[in-house]
Structure formats: structure tokens, C-alpha cells
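**Q** Contents of upload.csv (CSV, C-alpha atoms and all ligand atoms):
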chain,number,residue,atom,x,y,z
F,5,MET,CA,30.3,6.9,-11.6
F,6,THR,CA,30.5,7.6,-7.9
F,7,GLN,CA,29.4,4.7,-5.7
F,8,ASN,CA,26.6,5.4,-3.3
F,9,LEU,CA,28.1,4.1,-0.1
F,10,VAL,CA,25.1,4.8,2.1
F,11,THR,CA,23.2,1.5,2.6
F,12,LYS,CA,19.5,1.4,3.0
F,13,PRO,CA,18.5,-1.4,5.5
F,14,PHE,CA,15.0,-1.6,3.8
F,15,MET,CA,16.5,-2.2,0.3
F,16,ASP,CA,19.1,-4.6,1.7
F,17,VAL,CA,16.4,-6.8,3.1
F,18,LEU,CA,14.7,-6.8,-0.3
F,19,ALA,CA,18.0,-7.6,-2.0
F,20,GLY,CA,18.4,-10.7,0.2
F,21,THR,CA,20.1,-9.7,3.5
F,22,ARG,CA,18.3,-10.3,6.8
F,23,GLN,CA,18.8,-7.4,9.2
F,24,ALA,CA,19.4,-8.1,12.9
F,25,SER,CA,16.9,-5.3,13.7
F,26,PRO,CA,14.2,-5.3,11.1
F,27,PRO,CA,13.6,-2.1,9.1
F,28,MET,CA,10.2,-0.6,9.9
F,29,TRP,CA,7.5,1.7,8.7
F,30,MET,CA,3.7,1.9,9.2
F,31,MET,CA,0.9,1.7,6.7
F,32,ARG,CA,-0.9,5.1,6.7
F,33,GLN,CA,2.0,6.6,8.7
F,34,ALA,CA,1.1,10.0,7.3
F,35,GLY,CA,-2.3,10.5,8.8
F,36,ARG,CA,-4.8,11.9,11.2
F,37,TYR,CA,-3.2,10.4,14.4
F,38,LEU,CA,-0.4,13.1,13.9
F,39,PRO,CA,-1.1,16.7,15.0
F,40,GLU,CA,1.2,18.0,12.3
F,41,TYR,CA,-0.7,16.1,9.6
F,42,ARG,CA,-4.0,17.5,10.8
F,43,ALA,CA,-2.5,21.0,10.6
F,44,THR,CA,-1.2,20.6,7.1
F,45,ARG,CA,-4.5,18.9,6.1
F,46,ALA,CA,-6.4,21.9,7.4
F,47,GLU,CA,-4.2,24.2,5.4
F,48,ALA,CA,-4.7,22.2,2.2
F,49,GLY,CA,-8.5,22.0,2.3
F,50,SER,CA,-10.0,18.7,1.2
F,51,PHE,CA,-8.2,15.4,1.3
F,52,LEU,CA,-7.8,15.4,-2.6
F,53,ASP,CA,-6.6,19.0,-2.5
F,54,LEU,CA,-3.8,17.7,-0.2
F,55,CYS,CA,-3.0,14.7,-2.6
F,56,TYR,CA,-2.7,17.2,-5.5
F,57,ASN,CA,-0.6,19.8,-3.7
F,58,ALA,CA,2.9,18.6,-4.3
F,59,LYS,CA,4.6,20.7,-1.7
F,60,LEU,CA,2.1,19.8,1.1
F,61,ALA,CA,1.9,16.1,0.0
F,62,ALA,CA,5.7,16.0,0.3
F,63,GLU,CA,5.5,17.7,3.7
F,64,VAL,CA,3.1,15.1,5.2
F,65,THR,CA,5.1,12.3,3.6
F,66,LEU,CA,8.2,13.5,5.5
F,67,GLN,CA,6.4,14.2,8.9
F,68,PRO,CA,6.5,10.6,10.2
F,69,ILE,CA,10.1,10.2,9.1
F,70,ARG,CA,11.2,13.3,11.1
F,71,ARG,CA,9.2,12.2,14.1
F,72,PHE,CA,10.0,8.5,14.2
F,73,GLY,CA,13.0,7.9,11.9
F,74,PHE,CA,11.2,5.2,10.0
F,75,ASP,CA,13.3,3.3,7.4
F,76,ALA,CA,10.8,4.0,4.6
F,77,ALA,CA,8.6,6.9,3.5
F,78,ILE,CA,5.5,6.2,1.5
F,79,ILE,CA,4.5,8.9,-0.9
F,80,PHE,CA,1.3,10.6,0.3
F,81,SER,CA,-1.5,10.0,-2.1
F,82,ASP,CA,-4.5,7.6,-2.5
F,83,ILE,CA,-5.2,4.6,-4.6
F,84,LEU,CA,-8.3,6.4,-6.0
F,85,VAL,CA,-6.3,9.0,-7.8
F,86,VAL,CA,-6.1,6.4,-10.6
F,87,PRO,CA,-9.8,6.4,-11.4
F,88,HIS,CA,-9.8,10.2,-11.0
F,89,ALA,CA,-7.0,10.3,-13.7
F,90,LEU,CA,-9.2,8.0,-15.8
F,91,GLY,CA,-11.9,10.7,-15.8
F,92,ARG,CA,-14.2,9.3,-13.1
F,93,SER,CA,-15.6,11.6,-10.5
F,94,VAL,CA,-14.0,11.0,-7.1
F,95,ARG,CA,-14.8,12.8,-3.8
F,96,PHE,CA,-14.0,12.1,-0.2
F,97,GLU,CA,-16.9,12.8,2.1
F,98,VAL,CA,-15.8,13.8,5.6
F,99,GLY,CA,-16.4,10.9,8.0
F,100,GLU,CA,-17.8,8.7,5.2
F,101,GLY,CA,-14.9,7.8,2.9
F,102,PRO,CA,-14.7,7.8,-0.9
F,103,ARG,CA,-17.6,8.5,-3.3
F,104,LEU,CA,-17.3,7.8,-7.1
F,105,ASP,CA,-19.8,7.6,-10.0
F,106,PRO,CA,-20.8,3.9,-9.8
F,107,LEU,CA,-19.6,2.0,-12.9
F,108,ASP,CA,-22.3,-0.7,-12.3
F,109,SER,CA,-23.5,-1.8,-15.7
F,110,PRO,CA,-21.8,-3.1,-19.0
F,111,ASP,CA,-23.2,0.1,-20.7
F,112,LYS,CA,-21.4,2.4,-18.3
F,113,VAL,CA,-18.2,0.3,-18.6
F,114,GLY,CA,-18.4,0.9,-22.3
F,115,THR,CA,-17.9,4.6,-21.6
F,116,LEU,CA,-14.8,4.2,-19.5
F,117,ASN,CA,-11.7,5.9,-20.8
F,118,THR,CA,-9.1,3.4,-21.8
F,119,ALA,CA,-6.0,5.6,-21.3
F,120,ILE,CA,-4.9,7.3,-18.0
F,121,ASP,CA,-4.2,11.0,-18.1
F,122,LEU,CA,-0.8,11.0,-16.3
F,123,GLY,CA,-0.7,14.8,-16.6
F,124,LYS,CA,-3.4,14.9,-13.8
F,125,LEU,CA,-1.0,13.0,-11.6
F,126,GLU,CA,1.9,15.3,-12.1
F,127,PRO,CA,1.6,16.6,-8.5
F,128,VAL,CA,2.3,13.1,-7.3
F,129,PHE,CA,5.5,12.9,-9.4
F,130,GLU,CA,6.5,16.3,-8.2
F,131,ALA,CA,5.9,15.3,-4.6
F,132,LEU,CA,8.1,12.3,-5.1
F,133,ARG,CA,10.9,14.5,-6.5
F,134,ILE,CA,10.7,16.8,-3.5
F,135,VAL,CA,10.7,14.0,-1.0
F,136,ARG,CA,13.6,12.3,-2.8
F,137,SER,CA,15.7,15.4,-2.4
F,138,GLU,CA,14.9,15.9,1.3
F,139,LEU,CA,14.9,12.3,2.5
F,140,PRO,CA,17.9,11.1,4.6
F,141,LYS,CA,20.1,9.0,2.4
F,142,GLN,CA,19.4,5.8,4.3
F,143,THR,CA,15.7,6.1,4.0
F,144,THR,CA,13.8,4.2,1.3
F,145,LEU,CA,11.0,5.9,-0.8
F,146,ILE,CA,8.0,3.8,-1.5
F,147,GLY,CA,5.7,4.5,-4.5
F,148,PHE,CA,2.3,2.7,-4.7
F,149,CYS,CA,-1.0,2.0,-6.4
F,150,GLY,CA,-4.1,0.0,-5.6
F,151,ALA,CA,-4.3,-3.4,-7.1
F,152,PRO,CA,-6.8,-3.5,-10.0
F,153,PHE,CA,-9.4,-5.6,-8.1
F,154,THR,CA,-9.4,-3.3,-5.1
F,155,VAL,CA,-9.6,-0.1,-7.2
F,156,ALA,CA,-12.4,-1.8,-9.3
F,157,THR,CA,-14.4,-2.5,-6.2
F,158,TYR,CA,-14.7,1.2,-5.4
F,159,MET,CA,-15.3,2.1,-9.1
F,160,VAL,CA,-18.2,-0.4,-9.5
F,161,ALA,CA,-19.9,0.3,-6.1
F,162,GLY,CA,-19.0,4.0,-6.1
F,163,GLN,CA,-18.0,3.6,-2.4
F,164,GLY,CA,-16.7,1.2,0.2
F,165,THR,CA,-19.2,-1.4,1.3
F,166,SER,CA,-18.8,-4.1,4.0
F,167,ASP,CA,-18.0,-6.9,1.5
F,168,GLN,CA,-17.7,-5.1,-1.9
F,169,HIS,CA,-20.4,-7.3,-3.3
F,170,PRO,CA,-21.3,-5.0,-6.3
F,171,ALA,CA,-17.9,-5.7,-7.9
F,172,ARG,CA,-18.0,-9.4,-7.1
F,173,LEU,CA,-21.5,-9.7,-8.5
F,174,MET,CA,-20.5,-7.9,-11.7
F,175,ALA,CA,-17.5,-10.2,-12.1
F,176,TYR,CA,-20.0,-13.2,-12.1
F,177,GLN,CA,-22.8,-11.7,-14.1
F,178,HIS,CA,-20.7,-9.6,-16.6
F,179,PRO,CA,-17.2,-11.1,-16.7
F,180,GLY,CA,-16.4,-9.3,-20.0
F,181,ALA,CA,-17.3,-5.9,-18.6
F,182,PHE,CA,-15.5,-6.5,-15.4
F,183,ALA,CA,-12.4,-7.7,-17.3
F,184,LYS,CA,-12.4,-4.5,-19.2
F,185,ILE,CA,-12.2,-2.4,-16.0
F,186,ILE,CA,-9.4,-4.7,-14.8
F,187,ASP,CA,-7.5,-4.4,-18.1
F,188,VAL,CA,-7.7,-0.6,-18.1
F,189,LEU,CA,-6.4,-0.6,-14.5
F,190,VAL,CA,-3.5,-3.0,-15.2
F,191,GLU,CA,-2.3,-0.7,-18.1
F,192,SER,CA,-2.9,2.5,-16.1
F,193,SER,CA,-1.1,1.1,-13.1
F,194,ILE,CA,2.0,0.1,-15.1
F,195,ALA,CA,2.2,3.6,-16.6
F,196,TYR,CA,1.6,5.3,-13.3
F,197,LEU,CA,4.2,3.2,-11.4
F,198,LEU,CA,6.8,3.6,-14.0
F,199,LYS,CA,6.5,7.4,-13.7
F,200,GLN,CA,6.8,7.0,-9.9
F,201,LEU,CA,10.1,5.1,-10.4
F,202,GLU,CA,11.3,7.8,-12.7
F,203,ALA,CA,10.4,10.5,-10.1
F,204,GLY,CA,12.5,8.8,-7.4
F,205,ALA,CA,10.6,5.9,-5.9
F,206,ASP,CA,13.0,3.1,-4.8
F,207,VAL,CA,10.4,0.4,-4.5
F,208,LEU,CA,6.7,-0.1,-5.2
F,209,GLN,CA,3.8,-1.5,-3.1
F,210,ILE,CA,0.5,-2.8,-4.6
F,211,PHE,CA,-2.4,-2.6,-2.2
F,212,ASP,CA,-5.0,-5.3,-2.7
F,213,THR,CA,-7.1,-4.5,0.4
F,214,TRP,CA,-10.1,-6.5,-0.7
F,215,ALA,CA,-8.4,-9.6,-2.2
F,216,GLY,CA,-9.4,-11.7,0.8
F,217,ILE,CA,-13.1,-11.6,0.0
F,218,LEU,CA,-12.6,-13.6,-3.3
F,219,PRO,CA,-13.1,-17.4,-3.6
F,220,PRO,CA,-10.0,-19.2,-4.8
F,221,ARG,CA,-10.9,-19.3,-8.5
F,222,GLU,CA,-11.8,-15.6,-8.6
F,223,PHE,CA,-8.7,-14.8,-6.5
F,224,GLU,CA,-6.6,-16.4,-9.3
F,225,LYS,CA,-8.3,-14.4,-12.0
F,226,TRP,CA,-8.8,-11.0,-10.3
F,227,CYS,CA,-6.0,-10.8,-7.8
F,228,ILE,CA,-3.0,-12.9,-8.9
F,229,GLU,CA,-3.3,-12.5,-12.6
F,230,PRO,CA,-3.6,-8.7,-12.8
F,231,THR,CA,-0.8,-8.3,-10.2
F,232,ARG,CA,1.4,-10.6,-12.2
F,233,ARG,CA,0.7,-8.5,-15.3
F,234,ILE,CA,1.7,-5.3,-13.5
F,235,VAL,CA,4.9,-6.9,-12.1
F,236,ASP,CA,5.9,-8.2,-15.5
F,237,GLY,CA,5.0,-4.9,-17.2
F,238,ILE,CA,7.2,-2.9,-14.8
F,239,ARG,CA,10.1,-5.3,-15.0
F,240,LYS,CA,10.0,-5.4,-18.8
F,241,VAL,CA,10.9,-1.7,-18.7
F,242,LYS,CA,12.8,-1.5,-15.5
F,243,PRO,CA,14.3,-5.0,-14.8
F,244,GLY,CA,15.1,-5.7,-11.1
F,245,THR,CA,12.4,-3.3,-9.7
F,246,LYS,CA,11.5,-4.4,-6.2
F,247,ILE,CA,7.8,-4.8,-5.7
F,248,ILE,CA,5.8,-5.5,-2.5
F,249,GLY,CA,2.3,-7.1,-2.7
F,250,PHE,CA,-0.4,-6.8,-0.1
F,251,PRO,CA,-3.2,-9.3,-0.9
F,252,ARG,CA,-5.0,-8.6,2.4
F,253,GLY,CA,-6.7,-11.6,3.9
F,254,ALA,CA,-5.2,-14.1,1.3
F,255,GLY,CA,-4.5,-16.6,4.0
F,256,ALA,CA,-3.9,-20.1,2.5
F,257,LEU,CA,-3.7,-18.5,-1.0
F,258,LEU,CA,-0.5,-16.5,-0.1
F,259,PRO,CA,2.0,-19.1,-1.4
F,260,ALA,CA,0.3,-19.2,-4.7
F,261,PHE,CA,0.2,-15.4,-4.8
F,262,VAL,CA,4.0,-15.2,-4.1
F,263,GLU,CA,4.9,-17.9,-6.6
F,264,ARG,CA,2.7,-16.6,-9.5
F,265,THR,CA,3.1,-12.9,-9.2
F,266,GLY,CA,6.9,-12.7,-8.8
F,267,VAL,CA,6.7,-10.1,-6.0
F,268,ASP,CA,9.8,-9.6,-3.8
F,269,ALA,CA,7.8,-9.2,-0.5
F,270,VAL,CA,4.3,-9.6,0.8
F,271,SER,CA,2.7,-7.5,3.5
F,272,ILE,CA,0.5,-9.7,5.7
F,273,ASP,CA,-2.4,-8.9,8.0
F,274,TRP,CA,-2.5,-9.9,11.7
F,275,THR,CA,-4.6,-13.0,11.2
F,276,ALA,CA,-1.8,-14.8,9.2
F,277,GLU,CA,-0.7,-18.0,10.9
F,278,PRO,CA,3.1,-17.5,11.7
F,279,ALA,CA,4.4,-21.1,11.2
F,280,PHE,CA,2.6,-21.3,7.8
F,281,VAL,CA,4.0,-18.0,6.7
F,282,ARG,CA,7.5,-18.8,7.9
F,283,GLU,CA,7.5,-22.2,6.0
F,284,LYS,CA,5.6,-21.4,2.9
F,285,VAL,CA,6.2,-17.7,2.3
F,286,GLN,CA,9.3,-16.3,4.2
F,287,THR,CA,11.5,-19.0,2.6
F,288,LYS,CA,10.8,-17.4,-0.7
F,289,VAL,CA,10.2,-13.7,-0.2
F,290,VAL,CA,10.4,-10.9,2.5
F,291,VAL,CA,7.6,-10.8,4.9
F,292,GLN,CA,6.2,-7.4,5.9
F,293,GLY,CA,3.9,-6.9,8.9
F,294,ASN,CA,1.9,-7.6,10.9
F,295,LEU,CA,1.0,-5.9,14.2
F,296,ASP,CA,-2.7,-5.5,14.8
F,297,PRO,CA,-3.2,-1.7,14.6
F,298,LEU,CA,-5.7,-1.8,17.5
F,299,LEU,CA,-2.7,-2.6,19.7
F,300,LEU,CA,-1.6,1.0,19.0
F,301,ILE,CA,-4.8,2.2,20.7
F,302,ALA,CA,-4.4,-0.3,23.6
F,303,GLY,CA,-0.8,0.5,24.4
F,304,GLY,CA,0.8,-0.8,27.6
F,305,SER,CA,1.8,-4.5,28.0
F,306,ALA,CA,-0.7,-5.6,25.3
F,307,LEU,CA,1.3,-3.6,22.8
F,308,ASP,CA,4.7,-4.8,24.1
F,309,GLN,CA,3.5,-8.4,23.8
F,310,GLY,CA,2.1,-7.9,20.3
F,311,VAL,CA,5.4,-6.3,19.1
F,312,ASP,CA,7.4,-9.1,20.7
F,313,ASP,CA,5.2,-11.7,19.0
F,314,VAL,CA,5.7,-10.2,15.6
F,315,LEU,CA,9.5,-10.0,16.2
F,316,LYS,CA,9.7,-13.5,17.5
F,317,ASN,CA,7.5,-14.9,14.7
F,318,PHE,CA,9.4,-13.3,11.7
F,319,ALA,CA,12.7,-11.8,12.7
F,320,GLY,CA,14.5,-15.1,12.1
F,321,GLY,CA,14.1,-14.5,8.4
F,322,ARG,CA,13.9,-11.6,6.1
F,323,HIS,CA,11.4,-9.2,7.7
F,324,ILE,CA,10.1,-5.6,7.5
F,325,PHE,CA,8.3,-4.6,10.6
F,326,ASN,CA,4.9,-3.0,9.9
F,327,LEU,CA,1.3,-3.1,10.9
F,328,GLY,CA,-1.2,-5.6,9.5
F,329,HIS,CA,-3.2,-2.7,8.1
F,330,GLY,CA,-3.3,1.1,8.4
F,331,ILE,CA,-2.8,3.0,11.7
F,332,THR,CA,-6.1,4.4,13.0
F,333,PRO,CA,-6.7,8.1,13.7
F,334,ASP,CA,-7.2,7.5,17.4
F,335,ALA,CA,-3.8,5.9,18.1
F,336,PRO,CA,-1.8,8.0,20.6
F,337,VAL,CA,1.6,9.1,19.3
F,338,ALA,CA,3.1,7.9,22.6
F,339,HIS,CA,2.1,4.4,21.7
F,340,VAL,CA,3.8,4.6,18.3
F,341,GLU,CA,6.9,5.8,20.1
F,342,GLN,CA,6.7,2.8,22.5
F,343,MET,CA,6.5,0.5,19.5
F,344,VAL,CA,9.4,2.1,17.7
F,345,LYS,CA,11.6,1.9,20.7
F,346,ARG,CA,10.8,-1.8,21.3
F,347,VAL,CA,11.5,-2.7,17.7
F,348,ARG,CA,14.8,-0.7,17.6
F,349,ASP,CA,16.0,-2.3,20.8
F,350,PHE,CA,15.5,-5.8,19.4
F,351,LYS,CA,18.6,-7.6,18.2
F,352,GLY,CA,17.7,-10.9,16.6
X,401,LIG,O1,0.3,5.0,4.1
X,401,LIG,C1,0.5,6.2,3.9
X,401,LIG,O2,0.8,7.0,4.8
X,401,LIG,C2,0.3,6.8,2.5
X,401,LIG,C3,-1.0,7.3,2.1
X,401,LIG,C4,-2.2,6.3,1.8
X,401,LIG,C5,-3.5,6.8,1.9
X,401,LIG,N1,-4.3,5.9,1.4
X,401,LIG,C6,-3.9,8.1,2.6
X,401,LIG,C7,-5.2,8.3,3.1
X,401,LIG,C8,-2.2,5.1,1.2
X,401,LIG,C9,-1.1,4.1,0.8
X,401,LIG,C10,-3.6,4.8,0.9
X,401,LIG,C11,-4.1,3.6,0.3
X,401,LIG,C12,-5.5,3.3,0.2
X,401,LIG,N2,-6.6,4.2,0.1
X,401,LIG,C13,-6.1,2.0,0.3
X,401,LIG,C14,-5.3,0.7,0.4
X,401,LIG,C15,-4.7,0.5,1.7
X,401,LIG,C16,-5.7,0.4,2.8
X,401,LIG,O3,-5.6,1.2,3.8
X,401,LIG,O4,-6.6,-0.5,2.8
X,401,LIG,C17,-7.5,2.1,0.2
X,401,LIG,C18,-8.5,1.0,0.2
X,401,LIG,C19,-7.8,3.5,0.0
X,401,LIG,C20,-9.1,4.2,-0.2
X,401,LIG,C21,-9.4,5.1,0.9
X,401,LIG,N3,-8.8,6.3,1.1
X,401,LIG,C22,-10.5,5.0,1.9
X,401,LIG,C23,-11.4,3.8,2.0
X,401,LIG,C24,-10.4,6.1,2.7
X,401,LIG,C25,-11.4,6.5,3.8
X,401,LIG,C26,-11.1,5.8,5.0
X,401,LIG,C27,-10.4,6.7,6.0
X,401,LIG,O5,-9.4,6.2,6.6
X,401,LIG,O6,-10.8,7.8,6.2
X,401,LIG,C28,-9.3,6.9,2.2
X,401,LIG,C29,-8.9,8.2,2.8
X,401,LIG,C30,-7.5,8.3,3.2
X,401,LIG,N4,-6.4,7.9,2.5
X,401,LIG,C31,-7.0,9.0,4.3
X,401,LIG,C32,-5.6,9.0,4.3
X,401,LIG,C33,-4.6,9.6,5.2
X,401,LIG,C34,-7.8,9.7,5.4
X,401,LIG,C35,-8.3,11.0,4.7
X,401,LIG,C36,-8.2,12.2,5.6
X,401,LIG,O7,-7.1,12.7,6.0
X,401,LIG,O8,-9.3,12.8,5.9
Go ahead and render the structure in this file as C-alpha cells.
**A**
Amino acid sequence: MTQNLVTKPFMDVLAGTRQASPPMWMMRQAGRYLPEYRATRAEAGSFLDLCYNAKLAAEVTLQPIRRFGFDAAIIFSDILVVPHALGRSVRFEVGEGPRLDPLDSPDKVGTLNTAIDLGKLEPVFEALRIVRSELPKQTTLIGFCGAPFTVATYMVAGQGTSDQHPARLMAYQHPGAFAKIIDVLVESSIAYLLKQLEAGADVLQIFDTWAGILPPREFEKWCIEPTRRIVDGIRKVKPGTKIIGFPRGAGALLPAFVERTGVDAVSIDWTAEPAFVREKVQTKVVVQGNLDPLLLIAGGSALDQGVDDVLKNFAGGRHIFNLGHGITPDAPVAHVEQMVKRVRDFKG
């Protein structure tokens, strides 16, 4: 067997080696702030048409790598393709976000398909194969899914809401029905992520964008436990798979999340307290984050200071530079360039 001599800084950090200059990428790095994304998106039609067009999805995945030379590409898709492949109706309304058939009663949950149709997701796997073949050798390819709780919040409410209360309420009033949705999503996510690994993903990220709205007991039940089951299910088939968790807003519950789920890294939002994260989290796993995305709109010295703070706070240990959440469509490209240069010039 020939040895692959090209190292990937991103994978090296996950394997245990701190990098003097932290590897970097941005959540939602393929997106509307890029003129080339807007052009490809217009060519594809709707957002979901783009997700299911393997060639164009591969193209937008590669765009930010060509432009900024990030250390990781994340496959272009959405967390809501999983409910779609479970037979739910999913649409993206321009300017309004996702719309699904609400799954808001135990009766409706009774009609939920229990097995995911992975055939529907073939374009995602094909896009991964294309990206894999075109990506520079030192660049890592990230596969992903939404965490069961976050995906369930959209399935129950049928849309995003300010606090996703329909799902939380269902979990209190009809815990059996809610658990059924979570169970289906756990099994679907394991199957989906394993296929992404087969198609060429090096590492997986599980996005739990709404974890932070749960009280501690519910956080244990609906965030930690389903994530642990996914991590175990993946590693049972592919031992040693590297997995990044993103329990957004977990705050003081982060150490429990890290300990119980077995993830290799956690992505943190910009409100996380640095000393707490260094002592209780970074001693155990890689920390990914956590620039406030609004600083990419502000630019100037506010952006420089924000970047320096993130580097100073976390570059002493194992760190992947990222934002605390997705980049917004109104962030100027020049500000992203400013951030990239400042991170690349840093030698910790
Ligand atoms: O990071 C990347 O570049 C990969 C692509 C990616 C998208 N969505 C593309 C997208 C990833 C990893 C996601 C994850 C996702 N999708 C999450 C979890 C992470 C997070 O951001 O909180 C969630 C909650 C969703 C659901 C979702 N998708 C919402 C609520 C919306 C509407 C809000 C918005 O920004 O418009 C989307 C649409 C979406 N997903 C867009 C992109 C680029 C914008 C659609 C467009 O191009 O018109």
C-alpha cells in the first residue's frame, strides 16, 4: 500500500497535534455572500434544486476553497434533506426559510416513515465523490447532518420559530411520540453519515443549532443521548471516525456533552466563556470556533480585535479557527480576506 505523505493540518489537530497556525474554515462558507455562489444558485433554480444537483453542489462546495484556501470543505447540502428523504414535504421559501408539513400530533407521528430512502440522497454522495476527486490533497472534506433534536424542531413546527417551542412542548406533552421522531432521526442519521464516509468524507459534523434552548434534564435526553447514539453507531461500523459536535448555546453543559457523547471536537458559539472552555473542554477535545459572524460585517479594527481574541483564547491548545455560527449573506468578501490573512499570519 502506498503511504499518503501529504498531511492535512485539520486532521492532524483532530488526531492530537496542536498546529502553530490553527486550521480554518467557516460555517456556511458556501453561501450568498459569494458572487460565484449567487451565480451558480441562479443557474440551479431553487435552493433544494442546488442541493440535489451533484455537479453544481460540488462546484459551490469548492468555490470558497479556491478563493480562500480554507483547510476544510464542507459538502454543500442542508440538514433538512433528511426529513425530505423520510418522505416529508420540504420547501425553502425565498426570504423566509424552510417550510415542512408540521408533524405536530401523536397521530401524525404515527404516519412517519421509519426508514430513510438513501436513494433520494444519491446526489449528495455523488457531490462528495466529485469534491473528493478535485480537492487539494491537504484539504479535509467534512460531511454533516443535523442533530436529531434540531431536525425534529423543524419537522414538528414545520418551520423555524424564535424558540422552537412546538417541539419542546411536544416533548413534554407527548414524550413517546417525540421519542419516536428522535429514534427515526438517530437511525437515519447513522445510515446517512456512513454513506457520506463511503463517498469520501474525512470527518463528520453534527449540527445541533437549537440545543441551547433545552433545560438541563431535556438537554441530556434530546441532545446528549441521541448524539451519543449516532457517534456509537458510526464507530461500531467505522471505528476511529472523527466527529465534531455543535451543541450551540450549551454553555455550562458543554463538558457533559463532551464527556458523554464521545465527540473529538466541539464547535462553540461566540458567547462561550474562554477560561471555562480552556479548562473544562479544550483539555479533552479540540475546540472549533468562535468568531462572532457580525464582525465580518463590521470589518476594520473590530474584526482584527475579534480575530486576535479568538486566537489568544484558544490557540494555546488544539484549535480549529471558525465562526461561532454561519456567515451572513451581507458580509463583504474583503472582510473574509482580512480575517484569513490575520489567522494565517498568526504563529502561536
Ligand atoms: O456550511 C456550509 O457551507 C454547508 C452548507 C450548509 C447549509 N445549511 C446551506 C444553506 C449547512 C451545513 C447547513 C446546515 C443547516 N441548515 C443548519 C444547521 C447550522 C446552522 O446554520 O444553524 C440549519 C438549522 C439549517 C436549516 C436552514 N437552511 C435554514 C433555517 C435556512 C434558512 C436560513 C437562511 O440562511 O436562509 C436554510 C437555508 C440554507 N442552507 C442556505 C444555505 C446556503 C441559504 C439558502 C439560499 O441559498 O437561498
**Q** Atom CA of Phe182 of chain F and atom C18 of ligand LIG 401 (chain X) are how many Å apart?
**A**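 If I compute the distance from atom CA of Phe182 of chain F to atom C18 of ligand LIG 401 (chain X), I get 18.7 Å.
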**Q** Can you tell me, as a ChimeraX atom specification, what residues are no more than 6 Å from Ala58 of chain F when counting all atoms listed in the file, ignoring any on the same chain fewer than 5 positions away?
**A** /F:127,130-131
**Q** Within 8 Å of (-4.2, 3.4, 11.3) in the file's own coordinates, which protein, DNA or RNA residues have an atom, counting only C-alpha atoms? List them as an NGL selection string.
**A** :F and (31-33 or 35 or 37 or 297 or 329-335)
**Q** Write to file, as an mmCIF file, keeping the file's coordinate frame, the residues of the selection just made, with C-alpha atoms.
**A**
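Below you can see part33.cif, which holds the result:
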data_model
loop_
_atom_site.group_PDB
_atom_site.id
_atom_site.type_symbol
_atom_site.label_atom_id
_atom_site.label_comp_id
_atom_site.auth_asym_id
_atom_site.auth_seq_id
_atom_site.Cartn_x
_atom_site.Cartn_y
_atom_site.Cartn_z
ATOM 1 C CA MET F 31 0.900 1.700 6.700
ATOM 2 C CA ARG F 32 -0.900 5.100 6.700
ATOM 3 C CA GLN F 33 2.000 6.600 8.700
ATOM 4 C CA GLY F 35 -2.300 10.500 8.800
ATOM 5 C CA TYR F 37 -3.200 10.400 14.400
ATOM 6 C CA PRO F 297 -3.200 -1.700 14.600
ATOM 7 C CA HIS F 329 -3.200 -2.700 8.100
ATOM 8 C CA GLY F 330 -3.300 1.100 8.400
ATOM 9 C CA ILE F 331 -2.800 3.000 11.700
ATOM 10 C CA THR F 332 -6.100 4.400 13.000
ATOM 11 C CA PRO F 333 -6.700 8.100 13.700
ATOM 12 C CA ASP F 334 -7.200 7.500 17.400
ATOM 13 C CA ALA F 335 -3.800 5.900 18.100
#
**Q** Give the residues close to ligand LIG 401 (chain X), within 6 Å, counting all atoms listed in the file; write them as a ChimeraX atom specification.
**A** /F:31-36,51,78-83,101-102,211,213,330
**Q** Next, write the just-selected residues to a file, as an mmCIF file, keeping the file's coordinate frame, keeping C-alpha atoms as the atom set.
**A**
data_model
loop_
_atom_site.group_PDB
_atom_site.id
_atom_site.type_symbol
_atom_site.label_atom_id
_atom_site.label_comp_id
_atom_site.auth_asym_id
_atom_site.auth_seq_id
_atom_site.Cartn_x
_atom_site.Cartn_y
_atom_site.Cartn_z
ATOM 1 C CA MET F 31 0.900 1.700 6.700
ATOM 2 C CA ARG F 32 -0.900 5.100 6.700
ATOM 3 C CA GLN F 33 2.000 6.600 8.700
ATOM 4 C CA ALA F 34 1.100 10.000 7.300
ATOM 5 C CA GLY F 35 -2.300 10.500 8.800
ATOM 6 C CA ARG F 36 -4.800 11.900 11.200
ATOM 7 C CA PHE F 51 -8.200 15.400 1.300
ATOM 8 C CA ILE F 78 5.500 6.200 1.500
ATOM 9 C CA ILE F 79 4.500 8.900 -0.900
ATOM 10 C CA PHE F 80 1.300 10.600 0.300
ATOM 11 C CA SER F 81 -1.500 10.000 -2.100
ATOM 12 C CA ASP F 82 -4.500 7.600 -2.500
ATOM 13 C CA ILE F 83 -5.200 4.600 -4.600
ATOM 14 C CA GLY F 101 -14.900 7.800 2.900
ATOM 15 C CA PRO F 102 -14.700 7.800 -0.900
ATOM 16 C CA PHE F 211 -2.400 -2.600 -2.200
ATOM 17 C CA THR F 213 -7.100 -4.500 0.400
ATOM 18 C CA GLY F 330 -3.300 1.100 8.400
#
**Q** Closest to Asp75 of chain F among F:Val285, F:Ala306, F:Ile324, F:Ile186, using all atoms listed in the file?
**A** F:Ile324
**Q** Please measure the separation of atom CA of Arg233 of chain F and atom CA of Trp214 of chain F, giving the value in Å to one decimal.
**A**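 Computing it gives 18.3 Å between the two atoms.
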